[in-house]
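Content type mmCIF, C-alpha atoms, pLDDT in the B column; chains and numbers go by the auth columns, from the file input_5.cif:
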data_final
loop_
_atom_site.group_PDB
_atom_site.id
_atom_site.type_symbol
_atom_site.label_atom_id
_atom_site.label_comp_id
_atom_site.label_asym_id
_atom_site.label_seq_id
_atom_site.Cartn_x
_atom_site.Cartn_y
_atom_site.Cartn_z
_atom_site.B_iso_or_equiv
_atom_site.auth_seq_id
_atom_site.auth_asym_id
ATOM 1 C CA MET A 1 92.789 34.905 104.720 92.00 1 A
ATOM 2 C CA LYS A 2 94.269 34.375 101.246 96.00 2 A
ATOM 3 C CA ARG A 3 96.044 31.114 100.534 97.00 3 A
ATOM 4 C CA VAL A 4 99.192 30.355 98.591 97.00 4 A
ATOM 5 C CA ILE A 5 99.848 26.792 97.468 97.00 5 A
ATOM 6 C CA VAL A 6 103.304 25.508 96.492 96.00 6 A
ATOM 7 C CA ALA A 7 103.557 22.134 94.773 93.00 7 A
ATOM 8 C CA CYS A 8 106.478 19.943 93.766 87.00 8 A
ATOM 9 C CA GLY A 9 106.952 16.294 92.841 82.00 9 A
ATOM 10 C CA SER A 10 107.043 14.763 96.292 74.00 10 A
ATOM 11 C CA GLY A 11 106.367 17.676 98.620 75.00 11 A
ATOM 12 C CA VAL A 12 109.505 16.890 100.640 78.00 12 A
ATOM 13 C CA ALA A 13 112.210 19.262 99.540 85.00 13 A
ATOM 14 C CA THR A 14 111.588 21.859 96.889 90.00 14 A
ATOM 15 C CA SER A 15 108.052 22.901 97.770 91.00 15 A
ATOM 16 C CA GLN A 16 108.928 23.048 101.480 90.00 16 A
ATOM 17 C CA THR A 17 111.918 25.219 100.720 91.00 17 A
ATOM 18 C CA VAL A 18 110.006 27.536 98.406 95.00 18 A
ATOM 19 C CA ALA A 19 107.060 27.742 100.824 95.00 19 A
ATOM 20 C CA SER A 20 109.329 28.780 103.659 92.00 20 A
ATOM 21 C CA LYS A 21 110.925 31.431 101.441 94.00 21 A
ATOM 22 C CA VAL A 22 107.499 32.744 100.385 97.00 22 A
ATOM 23 C CA LYS A 23 106.427 32.860 104.051 96.00 23 A
ATOM 24 C CA ARG A 24 109.516 34.850 104.946 95.00 24 A
ATOM 25 C CA ILE A 25 108.976 37.314 102.103 96.00 25 A
ATOM 26 C CA LEU A 26 105.333 37.813 103.060 97.00 26 A
ATOM 27 C CA SER A 27 106.173 38.388 106.690 96.00 27 A
ATOM 28 C CA GLU A 28 108.855 40.928 105.696 96.00 28 A
ATOM 29 C CA LYS A 29 106.272 42.713 103.556 95.00 29 A
ATOM 30 C CA LYS A 30 103.750 42.421 106.394 96.00 30 A
ATOM 31 C CA ILE A 31 101.242 40.593 104.201 96.00 31 A
ATOM 32 C CA SER A 32 99.304 37.878 105.943 95.00 32 A
ATOM 33 C CA ALA A 33 98.460 34.761 103.965 97.00 33 A
ATOM 34 C CA GLU A 34 98.556 31.033 104.505 97.00 34 A
ATOM 35 C CA VAL A 35 101.306 29.234 102.618 97.00 35 A
ATOM 36 C CA GLU A 36 101.143 25.490 102.136 94.00 36 A
ATOM 37 C CA ALA A 37 103.584 23.029 100.528 93.00 37 A
ATOM 38 C CA VAL A 38 102.001 19.976 98.916 92.00 38 A
ATOM 39 C CA ASP A 39 102.941 17.172 96.573 88.00 39 A
ATOM 40 C CA ILE A 40 101.654 17.576 93.067 88.00 40 A
ATOM 41 C CA LYS A 41 99.262 14.641 93.345 87.00 41 A
ATOM 42 C CA SER A 42 97.236 16.572 95.943 90.00 42 A
ATOM 43 C CA LEU A 43 97.240 19.765 93.901 93.00 43 A
ATOM 44 C CA ASP A 44 94.022 19.307 91.917 92.00 44 A
ATOM 45 C CA HIS A 45 92.124 18.629 95.108 92.00 45 A
ATOM 46 C CA LEU A 46 93.621 21.433 97.219 94.00 46 A
ATOM 47 C CA ILE A 47 94.003 24.234 94.698 95.00 47 A
ATOM 48 C CA LYS A 48 90.261 25.019 94.651 93.00 48 A
ATOM 49 C CA HIS A 49 90.638 26.811 97.965 92.00 49 A
ATOM 50 C CA CYS A 50 93.748 28.761 97.000 96.00 50 A
ATOM 51 C CA ASP A 51 94.416 32.217 95.566 97.00 51 A
ATOM 52 C CA VAL A 52 97.943 31.841 94.205 97.00 52 A
ATOM 53 C CA TYR A 53 99.765 28.791 92.816 97.00 53 A
ATOM 54 C CA VAL A 54 103.555 28.696 93.018 96.00 54 A
ATOM 55 C CA ALA A 55 104.553 26.017 90.519 94.00 55 A
ATOM 56 C CA ILE A 56 107.859 24.158 90.726 91.00 56 A
ATOM 57 C CA THR A 57 107.220 21.927 87.730 85.00 57 A
ATOM 58 C CA LYS A 58 105.782 23.476 84.610 80.00 58 A
ATOM 59 C CA PRO A 59 101.978 23.561 85.068 81.00 59 A
ATOM 60 C CA LYS A 60 100.234 21.062 82.800 79.00 60 A
ATOM 61 C CA LYS A 61 96.978 22.964 82.842 84.00 61 A
ATOM 62 C CA ALA A 62 95.588 26.357 83.805 88.00 62 A
ATOM 63 C CA TYR A 63 93.868 26.645 87.165 93.00 63 A
ATOM 64 C CA GLY A 64 92.414 30.114 86.704 94.00 64 A
ATOM 65 C CA ILE A 65 94.450 31.669 89.502 96.00 65 A
ATOM 66 C CA PRO A 66 97.721 33.618 89.314 96.00 66 A
ATOM 67 C CA THR A 67 100.552 31.121 88.802 96.00 67 A
ATOM 68 C CA LEU A 68 104.143 31.959 89.707 96.00 68 A
ATOM 69 C CA ASN A 69 107.494 30.436 88.775 94.00 69 A
ATOM 70 C CA GLY A 70 108.672 28.583 91.888 94.00 70 A
ATOM 71 C CA ILE A 71 112.189 27.970 90.557 93.00 71 A
ATOM 72 C CA ALA A 72 112.787 31.715 90.821 93.00 72 A
ATOM 73 C CA PHE A 73 112.135 31.520 94.575 94.00 73 A
ATOM 74 C CA LEU A 74 114.372 28.465 94.832 92.00 74 A
ATOM 75 C CA THR A 75 117.404 29.760 92.965 89.00 75 A
ATOM 76 C CA GLY A 76 116.881 33.481 93.481 87.00 76 A
ATOM 77 C CA MET A 77 117.174 34.103 89.742 87.00 77 A
ATOM 78 C CA GLY A 78 114.335 36.309 88.514 91.00 78 A
ATOM 79 C CA MET A 79 112.799 36.326 91.979 93.00 79 A
ATOM 80 C CA ASP A 80 112.006 40.038 92.202 95.00 80 A
ATOM 81 C CA ALA A 81 109.533 39.852 89.322 96.00 81 A
ATOM 82 C CA GLU A 82 107.794 36.864 90.916 97.00 82 A
ATOM 83 C CA VAL A 83 107.628 38.630 94.294 97.00 83 A
ATOM 84 C CA GLU A 84 105.884 41.567 92.628 97.00 84 A
ATOM 85 C CA LYS A 85 103.325 39.211 91.067 97.00 85 A
ATOM 86 C CA LEU A 86 102.840 37.498 94.418 97.00 86 A
ATOM 87 C CA ILE A 87 102.155 40.784 96.194 96.00 87 A
ATOM 88 C CA ALA A 88 99.794 41.935 93.443 96.00 88 A
ATOM 89 C CA ALA A 89 97.876 38.666 93.666 96.00 89 A
ATOM 90 C CA LEU A 90 97.460 38.897 97.445 95.00 90 A
ATOM 91 C CA LYS A 91 96.291 42.510 97.581 87.00 91 A
ATOM 92 C CA MET B 1 119.664 24.487 111.929 73.00 1 B
ATOM 93 C CA ASN B 2 122.977 22.701 111.632 85.00 2 B
ATOM 94 C CA TYR B 3 123.232 20.276 108.708 93.00 3 B
ATOM 95 C CA SER B 4 126.916 19.459 109.016 94.00 4 B
ATOM 96 C CA ASN B 5 126.247 15.879 110.189 94.00 5 B
ATOM 97 C CA LEU B 6 124.666 15.075 106.832 96.00 6 B
ATOM 98 C CA PHE B 7 128.055 15.419 105.161 97.00 7 B
ATOM 99 C CA GLN B 8 130.455 12.505 105.660 97.00 8 B
ATOM 100 C CA LYS B 9 133.564 11.588 103.748 97.00 9 B
ATOM 101 C CA ASP B 10 132.255 8.137 102.863 97.00 10 B
ATOM 102 C CA LEU B 11 129.280 9.898 101.244 98.00 11 B
ATOM 103 C CA ILE B 12 131.528 11.987 99.012 98.00 12 B
ATOM 104 C CA VAL B 13 132.480 10.687 95.581 98.00 13 B
ATOM 105 C CA LEU B 14 135.043 12.756 93.698 98.00 14 B
ATOM 106 C CA ASN B 15 135.788 12.585 89.957 95.00 15 B
ATOM 107 C CA ALA B 16 133.286 9.816 89.406 94.00 16 B
ATOM 108 C CA ASP B 17 132.823 8.517 85.887 96.00 17 B
ATOM 109 C CA TYR B 18 129.377 7.272 84.873 97.00 18 B
ATOM 110 C CA GLN B 19 127.829 6.374 81.536 96.00 19 B
ATOM 111 C CA ASP B 20 124.548 8.104 82.209 97.00 20 B
ATOM 112 C CA GLN B 21 122.031 9.013 84.870 97.00 21 B
ATOM 113 C CA LYS B 22 120.999 5.375 85.363 97.00 22 B
ATOM 114 C CA ASP B 23 124.594 4.342 85.994 98.00 23 B
ATOM 115 C CA LEU B 24 125.000 7.243 88.438 98.00 24 B
ATOM 116 C CA PHE B 25 121.843 6.303 90.376 98.00 25 B
ATOM 117 C CA ASN B 26 122.578 2.555 90.454 98.00 26 B
ATOM 118 C CA SER B 27 126.125 2.916 91.586 98.00 27 B
ATOM 119 C CA ASN B 28 125.369 5.416 94.345 98.00 28 B
ATOM 120 C CA PHE B 29 122.284 3.479 95.418 98.00 29 B
ATOM 121 C CA LYS B 30 124.455 0.404 96.047 98.00 30 B
ATOM 122 C CA SER B 31 126.723 2.348 98.328 97.00 31 B
ATOM 123 C CA LEU B 32 123.825 4.027 100.195 98.00 32 B
ATOM 124 C CA HIS B 33 122.002 0.722 100.567 98.00 33 B
ATOM 125 C CA ASP B 34 125.116 -1.048 101.879 98.00 34 B
ATOM 126 C CA LYS B 35 125.348 1.624 104.582 98.00 35 B
ATOM 127 C CA GLY B 36 121.686 1.082 105.491 98.00 36 B
ATOM 128 C CA LEU B 37 120.746 4.652 104.649 98.00 37 B
ATOM 129 C CA VAL B 38 118.093 3.750 102.073 98.00 38 B
ATOM 130 C CA ASN B 39 115.620 0.937 101.419 97.00 39 B
ATOM 131 C CA ALA B 40 115.819 -1.497 98.533 98.00 40 B
ATOM 132 C CA SER B 41 112.994 0.473 96.892 98.00 41 B
ATOM 133 C CA TYR B 42 115.022 3.704 96.812 97.00 42 B
ATOM 134 C CA CYS B 43 116.668 3.359 93.402 98.00 43 B
ATOM 135 C CA ALA B 44 113.458 2.648 91.468 98.00 44 B
ATOM 136 C CA ALA B 45 111.620 5.392 93.360 96.00 45 B
ATOM 137 C CA LEU B 46 114.403 7.882 92.679 97.00 46 B
ATOM 138 C CA THR B 47 114.480 7.020 88.988 97.00 47 B
ATOM 139 C CA GLU B 48 110.723 7.305 88.613 94.00 48 B
ATOM 140 C CA ARG B 49 110.573 10.562 90.499 92.00 49 B
ATOM 141 C CA GLU B 50 113.393 12.001 88.386 94.00 50 B
ATOM 142 C CA SER B 51 111.601 11.109 85.152 92.00 51 B
ATOM 143 C CA LEU B 52 108.318 12.668 86.309 89.00 52 B
ATOM 144 C CA TYR B 53 109.709 15.632 88.229 89.00 53 B
ATOM 145 C CA PRO B 54 113.315 16.238 87.247 92.00 54 B
ATOM 146 C CA THR B 55 115.796 17.973 89.552 94.00 55 B
ATOM 147 C CA GLY B 56 118.362 19.575 87.249 95.00 56 B
ATOM 148 C CA LEU B 57 119.121 23.209 88.087 95.00 57 B
ATOM 149 C CA ALA B 58 121.299 25.888 86.580 93.00 58 B
ATOM 150 C CA ASN B 59 122.337 29.429 87.341 91.00 59 B
ATOM 151 C CA ASP B 60 124.874 31.651 85.594 90.00 60 B
ATOM 152 C CA LYS B 61 127.725 29.911 87.470 95.00 61 B
ATOM 153 C CA ILE B 62 127.076 26.179 87.468 97.00 62 B
ATOM 154 C CA GLN B 63 124.774 23.354 86.380 97.00 63 B
ATOM 155 C CA PHE B 64 123.897 20.793 89.039 97.00 64 B
ATOM 156 C CA ALA B 65 121.186 18.404 90.192 97.00 65 B
ATOM 157 C CA ILE B 66 119.513 17.505 93.497 96.00 66 B
ATOM 158 C CA PRO B 67 117.809 14.125 92.971 96.00 67 B
ATOM 159 C CA HIS B 68 115.601 13.014 95.854 95.00 68 B
ATOM 160 C CA THR B 69 112.495 10.956 96.511 93.00 69 B
ATOM 161 C CA ASP B 70 109.788 10.281 99.084 91.00 70 B
ATOM 162 C CA VAL B 71 110.690 9.856 102.759 93.00 71 B
ATOM 163 C CA THR B 72 109.435 6.250 102.850 95.00 72 B
ATOM 164 C CA HIS B 73 112.483 5.083 100.875 97.00 73 B
ATOM 165 C CA VAL B 74 114.981 6.761 103.200 97.00 74 B
ATOM 166 C CA ASN B 75 116.083 5.277 106.547 97.00 75 B
ATOM 167 C CA HIS B 76 118.426 8.019 107.758 96.00 76 B
ATOM 168 C CA PRO B 77 118.945 11.526 106.408 96.00 77 B
ATOM 169 C CA PHE B 78 122.067 12.075 104.282 96.00 78 B
ATOM 170 C CA VAL B 79 123.543 14.050 101.435 97.00 79 B
ATOM 171 C CA GLN B 80 125.523 12.000 98.934 98.00 80 B
ATOM 172 C CA VAL B 81 127.885 14.415 97.188 98.00 81 B
ATOM 173 C CA VAL B 82 129.004 13.350 93.720 98.00 82 B
ATOM 174 C CA ARG B 83 131.435 15.335 91.597 98.00 83 B
ATOM 175 C CA LEU B 84 131.448 14.069 88.040 98.00 84 B
ATOM 176 C CA LYS B 85 134.379 13.597 85.748 96.00 85 B
ATOM 177 C CA LYS B 86 132.121 14.312 82.794 96.00 86 B
ATOM 178 C CA PRO B 87 128.736 15.986 83.217 98.00 87 B
ATOM 179 C CA ILE B 88 125.550 13.910 83.304 98.00 88 B
ATOM 180 C CA ARG B 89 122.429 15.146 81.600 97.00 89 B
ATOM 181 C CA PHE B 90 119.333 15.926 83.687 97.00 90 B
ATOM 182 C CA ALA B 91 116.091 17.565 82.660 95.00 91 B
ATOM 183 C CA HIS B 92 115.577 20.991 84.222 93.00 92 B
ATOM 184 C CA MET B 93 113.273 21.107 87.231 91.00 93 B
ATOM 185 C CA GLY B 94 111.114 23.939 86.009 83.00 94 B
ATOM 186 C CA MET B 95 111.363 23.597 82.252 78.00 95 B
ATOM 187 C CA SER B 96 110.904 20.063 80.995 73.00 96 B
ATOM 188 C CA ASP B 97 112.114 21.093 77.522 82.00 97 B
ATOM 189 C CA ARG B 98 115.421 22.299 78.906 89.00 98 B
ATOM 190 C CA GLN B 99 118.433 20.091 79.716 95.00 99 B
ATOM 191 C CA VAL B 100 121.102 20.580 82.327 96.00 100 B
ATOM 192 C CA ASP B 101 124.595 19.057 82.128 98.00 101 B
ATOM 193 C CA ALA B 102 125.209 18.567 85.826 98.00 102 B
ATOM 194 C CA GLU B 103 128.825 18.556 87.015 98.00 103 B
ATOM 195 C CA ILE B 104 127.917 18.227 90.705 98.00 104 B
ATOM 196 C CA VAL B 105 125.091 16.085 92.071 98.00 105 B
ATOM 197 C CA PHE B 106 123.779 16.334 95.634 98.00 106 B
ATOM 198 C CA MET B 107 121.577 13.302 96.261 98.00 107 B
ATOM 199 C CA LEU B 108 119.322 14.409 99.110 96.00 108 B
ATOM 200 C CA GLY B 109 118.151 11.847 101.630 95.00 109 B
ATOM 201 C CA ILE B 110 115.178 13.647 103.123 92.00 110 B
ATOM 202 C CA LYS B 111 113.609 11.947 106.130 91.00 111 B
ATOM 203 C CA ASP B 112 112.014 14.877 107.922 88.00 112 B
ATOM 204 C CA PRO B 113 110.749 17.490 105.405 82.00 113 B
ATOM 205 C CA LYS B 114 109.878 20.112 108.031 80.00 114 B
ATOM 206 C CA GLY B 115 113.102 19.642 109.983 80.00 115 B
ATOM 207 C CA GLN B 116 115.269 19.666 106.880 83.00 116 B
ATOM 208 C CA VAL B 117 113.518 22.586 105.203 81.00 117 B
ATOM 209 C CA GLY B 118 116.531 24.874 105.519 86.00 118 B
ATOM 210 C CA LEU B 119 118.916 22.402 103.892 92.00 119 B
ATOM 211 C CA LEU B 120 117.865 23.057 100.328 91.00 120 B
ATOM 212 C CA SER B 121 117.911 26.845 100.804 89.00 121 B
ATOM 213 C CA GLU B 122 121.449 26.546 102.104 93.00 122 B
ATOM 214 C CA ILE B 123 122.443 24.377 99.159 95.00 123 B
ATOM 215 C CA MET B 124 120.938 27.001 96.841 92.00 124 B
ATOM 216 C CA SER B 125 122.864 29.861 98.419 92.00 125 B
ATOM 217 C CA CYS B 126 126.058 27.787 98.244 96.00 126 B
ATOM 218 C CA PHE B 127 125.599 27.157 94.516 96.00 127 B
ATOM 219 C CA ASN B 128 125.192 30.904 94.034 93.00 128 B
ATOM 220 C CA ASP B 129 128.510 31.529 95.746 96.00 129 B
ATOM 221 C CA GLN B 130 131.526 31.467 93.418 97.00 130 B
ATOM 222 C CA SER B 131 133.947 30.675 96.234 98.00 131 B
ATOM 223 C CA PHE B 132 131.901 27.611 97.244 98.00 132 B
ATOM 224 C CA ILE B 133 131.790 26.440 93.622 98.00 133 B
ATOM 225 C CA ASP B 134 135.555 26.889 93.232 98.00 134 B
ATOM 226 C CA HIS B 135 136.186 24.849 96.387 98.00 135 B
ATOM 227 C CA VAL B 136 133.789 22.078 95.469 98.00 136 B
ATOM 228 C CA ARG B 137 135.296 21.884 91.970 98.00 137 B
ATOM 229 C CA THR B 138 138.891 21.668 93.140 97.00 138 B
ATOM 230 C CA ILE B 139 139.183 19.892 96.506 98.00 139 B
ATOM 231 C CA ASN B 140 140.553 16.443 95.655 97.00 140 B
ATOM 232 C CA ASP B 141 140.540 14.763 99.027 98.00 141 B
ATOM 233 C CA SER B 142 137.263 13.491 100.470 97.00 142 B
ATOM 234 C CA GLN B 143 138.294 14.246 104.060 98.00 143 B
ATOM 235 C CA GLN B 144 139.086 17.844 103.096 98.00 144 B
ATOM 236 C CA MET B 145 135.808 18.040 101.222 98.00 145 B
ATOM 237 C CA GLU B 146 133.954 16.748 104.280 98.00 146 B
ATOM 238 C CA ASN B 147 135.656 19.375 106.454 97.00 147 B
ATOM 239 C CA TYR B 148 134.811 22.117 103.975 98.00 148 B
ATOM 240 C CA LEU B 149 131.152 21.078 103.626 98.00 149 B
ATOM 241 C CA LYS B 150 130.713 20.590 107.376 97.00 150 B
ATOM 242 C CA ASP B 151 132.037 24.087 107.877 96.00 151 B
ATOM 243 C CA LYS B 152 129.751 25.584 105.195 95.00 152 B
ATOM 244 C CA PHE B 153 126.643 23.770 106.423 94.00 153 B
ATOM 245 C CA GLY B 154 127.412 23.946 110.123 89.00 154 B
ATOM 246 C CA ARG B 155 126.530 27.556 110.748 69.00 155 B
#
Let me see the file written as structure tokens.
Amino acid sequence: MKRVIVACGSGVATSQTVASKVKRILSEKKISAEVEAVDIKSLDHLIKHCDVYVAITKPKKAYGIPTLNGIAFLTGMGMDAEVEKLIAALK
Amino acid sequence: MNYSNLFQKDLIVLNADYQDQKDLFNSNFKSLHDKGLVNASYCAALTERESLYPTGLANDKIQFAIPHTDVTHVNHPFVQVVRLKKPIRFAHMGMSDRQVDAEIVFMLGIKDPKGQVGLLSEIMSCFNDQSFIDHVRTINDSQQMENYLKDKFGR
């Protein structure tokens, strides 16, 4: 199963919120994938096993996997474009 | 999930006047700490977290901020609602080169990330709703504000 990782500063609010939104979108689109919210300190360690990175803070380096703008999922602004990228990355 | 209990009139500060973000954090920390809602470590943790991972947000209707920090610094969940007399500058959450002049600040006391996961989504939909923004900008009585917020977050 493909894996989506969402990371924010402390892993308590924003990443949880965005992860739950991503989960809901995927289930509506009937795409199965694991979605995990983590704090950014765990990212380097965990991202190796992931297929898509949803970034809340601006990524400081490239991880070689599709990287999406998490703020779009949070605020809803520009979300459609990110959803399309998400679906493309999980196909 | 019903979040209405998080909103209390003694956690609502209307037309507050602060010099800067530090002043805002210190002053609200004192009041949260006096109520036993946060640990002594909360203010430093909040400040550090904000400088590393800022929480300013903006849409086409309003600029606001949702400062928060790790669960270990929080004793009981809360939302401290602060409406500012003059906006306070925050860095934008997603774009560190962009600034936000926040007029409303929701300080989130997160104790149970999984249980409170819907709270932030509800806050986001509220800040996309012009009627909510108009109410939050204009209600001048903290009891009325509590009633309004409890109603909005109690469904």
Enumerate as JSON, numbers by chain the residues belonging to chain A that approach chain B to within 9 Å, with all atoms listed in the file taken into account. {"A": [8, 9, 10, 11, 12, 13, 14, 16, 17, 18, 20, 21, 55, 56, 57, 58, 69, 70, 71, 74, 75, 76, 77]}
Output file for the residues above (C-alpha atoms, as a PDB file, in the frame of the given file):
ATOM      1  CA  CYS A   8     106.478  19.943  93.766  1.00 87.00           C
ATOM      2  CA  GLY A   9     106.952  16.294  92.841  1.00 82.00           C
ATOM      3  CA  SER A  10     107.043  14.763  96.292  1.00 74.00           C
ATOM      4  CA  GLY A  11     106.367  17.676  98.620  1.00 75.00           C
ATOM      5  CA  VAL A  12     109.505  16.890 100.640  1.00 78.00           C
ATOM      6  CA  ALA A  13     112.210  19.262  99.540  1.00 85.00           C
ATOM      7  CA  THR A  14     111.588  21.859  96.889  1.00 90.00           C
ATOM      8  CA  GLN A  16     108.928  23.048 101.480  1.00 90.00           C
ATOM      9  CA  THR A  17     111.918  25.219 100.720  1.00 91.00           C
ATOM     10  CA  VAL A  18     110.006  27.536  98.406  1.00 95.00           C
ATOM     11  CA  SER A  20     109.329  28.780 103.659  1.00 92.00           C
ATOM     12  CA  LYS A  21     110.925  31.431 101.441  1.00 94.00           C
ATOM     13  CA  ALA A  55     104.553  26.017  90.519  1.00 94.00           C
ATOM     14  CA  ILE A  56     107.859  24.158  90.726  1.00 91.00           C
ATOM     15  CA  THR A  57     107.220  21.927  87.730  1.00 85.00           C
ATOM     16  CA  LYS A  58     105.782  23.476  84.610  1.00 80.00           C
ATOM     17  CA  ASN A  69     107.494  30.436  88.775  1.00 94.00           C
ATOM     18  CA  GLY A  70     108.672  28.583  91.888  1.00 94.00           C
ATOM     19  CA  ILE A  71     112.189  27.970  90.557  1.00 93.00           C
ATOM     20  CA  LEU A  74     114.372  28.465  94.832  1.00 92.00           C
ATOM     21  CA  THR A  75     117.404  29.760  92.965  1.00 89.00           C
ATOM     22  CA  GLY A  76     116.881  33.481  93.481  1.00 87.00           C
ATOM     23  CA  MET A  77     117.174  34.103  89.742  1.00 87.00           C
TER      24      MET A  77
END
In Å, with one decimal, what is the gap from atom CA of Ala16 of chain B to atom CA of Ser131 of chain B?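 Between atom CA of Ala16 of chain B and atom CA of Ser131 of chain B the gap works out to 22.0 Å.
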Taking the file as I've supplied it (selection: the PyMOL selection byres ((chain A and resi 22) around 9)), which residues are included? Please answer as an NGL selection string. :A and (4 or 17-21 or 23-27 or 35 or 73 or 83 or 86)
When you draw a straight line from atom CA of Glu103 of chain B to atom CA of Leu14 of chain B, how long is it in Å?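 Atom-to-atom, atom CA of Glu103 of chain B and atom CA of Leu14 of chain B are spaced 10.8 Å apart.
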Using all atoms listed in the file, which residues sit within 8 Å of Ser15 of chain A once same-chain residues fewer than 6 positions away are excluded, as a PyMOL selection string? chain A and resi 6-8+37-39+56
For segment 45-50 of chain A, please output as a list of chain:residue names all residues within 12 Å (counting all atoms listed in the file; exclusion window: fewer than 3 positions along the same chain).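 The contact residues come out as A:Met1, A:Lys2, A:Arg3, A:Val4, A:Ile5, A:Val6, A:Ala7, A:Ala33, A:Glu34, A:Val35, A:Glu36, A:Ala37, A:Val38, A:Asp39, A:Ile40, A:Lys41, A:Ser42, A:Tyr53, A:Val54, A:Ala55, A:Ala62, A:Tyr63, A:Gly64, A:Ile65, A:Pro66, A:Thr67, A:Ala89, A:Leu90.
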Residue neighbourhood Tyr148 of chain B, 9 Å, all atoms listed in the file, exclusion window fewer than 3 positions, as JSON, numbers by chain: {"B": [135, 136, 139, 143, 144, 145, 151, 152, 153]}
Starting from the PyMOL selection byres ((chain B and resi 84) around 9), expand the selection into actual residues of this file and give them as a list in words.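 Checked against the file, the PyMOL selection byres ((chain B and resi 84) around 9) matches Val13, Leu14, Asn15, Ala16, Asp17, Tyr18, Val82, Arg83, Lys85, Lys86, Pro87, Ile88, Ala102, Glu103, Ile104 and Val105 of chain B.
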With only C-alpha atoms as the atoms that count, which of B:Gly115, B:Pro77, B:Pro67, B:Gly154 lies nearest to Phe25 of chain B? B:Pro67
Complete the atom set of segment 43-54 of chain A to N, CA and C atoms and return it as a PDB file, in the coordinates of the input.
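Everything below was put into rebuild_32.pdb:
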ATOM      1  N   LEU A  43      97.476  18.394  94.362  1.00 93.00           N
ATOM      2  CA  LEU A  43      97.240  19.765  93.901  1.00 93.00           C
ATOM      3  C   LEU A  43      95.816  19.988  93.400  1.00 93.00           C
ATOM      4  N   ASP A  44      95.348  19.114  92.515  1.00 92.00           N
ATOM      5  CA  ASP A  44      94.022  19.307  91.917  1.00 92.00           C
ATOM      6  C   ASP A  44      92.937  19.443  92.987  1.00 92.00           C
ATOM      7  N   HIS A  45      93.093  18.646  94.030  1.00 92.00           N
ATOM      8  CA  HIS A  45      92.124  18.629  95.108  1.00 92.00           C
ATOM      9  C   HIS A  45      92.198  19.902  95.955  1.00 92.00           C
ATOM     10  N   LEU A  46      93.438  20.350  96.255  1.00 94.00           N
ATOM     11  CA  LEU A  46      93.621  21.433  97.219  1.00 94.00           C
ATOM     12  C   LEU A  46      93.570  22.830  96.611  1.00 94.00           C
ATOM     13  N   ILE A  47      93.823  22.911  95.297  1.00 95.00           N
ATOM     14  CA  ILE A  47      94.003  24.234  94.698  1.00 95.00           C
ATOM     15  C   ILE A  47      92.707  25.028  94.644  1.00 95.00           C
ATOM     16  N   LYS A  48      91.574  24.340  94.709  1.00 93.00           N
ATOM     17  CA  LYS A  48      90.261  25.019  94.651  1.00 93.00           C
ATOM     18  C   LYS A  48      90.134  26.102  95.717  1.00 93.00           C
ATOM     19  N   HIS A  49      90.789  25.868  96.854  1.00 92.00           N
ATOM     20  CA  HIS A  49      90.638  26.811  97.965  1.00 92.00           C
ATOM     21  C   HIS A  49      91.786  27.816  98.021  1.00 92.00           C
ATOM     22  N   CYS A  50      92.561  27.911  96.935  1.00 96.00           N
ATOM     23  CA  CYS A  50      93.748  28.761  97.000  1.00 96.00           C
ATOM     24  C   CYS A  50      93.656  29.953  96.049  1.00 96.00           C
ATOM     25  N   ASP A  51      94.449  30.984  96.359  1.00 97.00           N
ATOM     26  CA  ASP A  51      94.416  32.217  95.566  1.00 97.00           C
ATOM     27  C   ASP A  51      95.624  32.374  94.664  1.00 97.00           C
ATOM     28  N   VAL A  52      96.731  31.749  95.021  1.00 97.00           N
ATOM     29  CA  VAL A  52      97.943  31.841  94.205  1.00 97.00           C
ATOM     30  C   VAL A  52      98.584  30.455  94.156  1.00 97.00           C
ATOM     31  N   TYR A  53      99.067  30.078  92.976  1.00 97.00           N
ATOM     32  CA  TYR A  53      99.765  28.791  92.816  1.00 97.00           C
ATOM     33  C   TYR A  53     101.229  29.078  92.473  1.00 97.00           C
ATOM     34  N   VAL A  54     102.130  28.599  93.322  1.00 96.00           N
ATOM     35  CA  VAL A  54     103.555  28.696  93.018  1.00 96.00           C
ATOM     36  C   VAL A  54     103.983  27.328  92.493  1.00 96.00           C
TER      37      VAL A  54
END
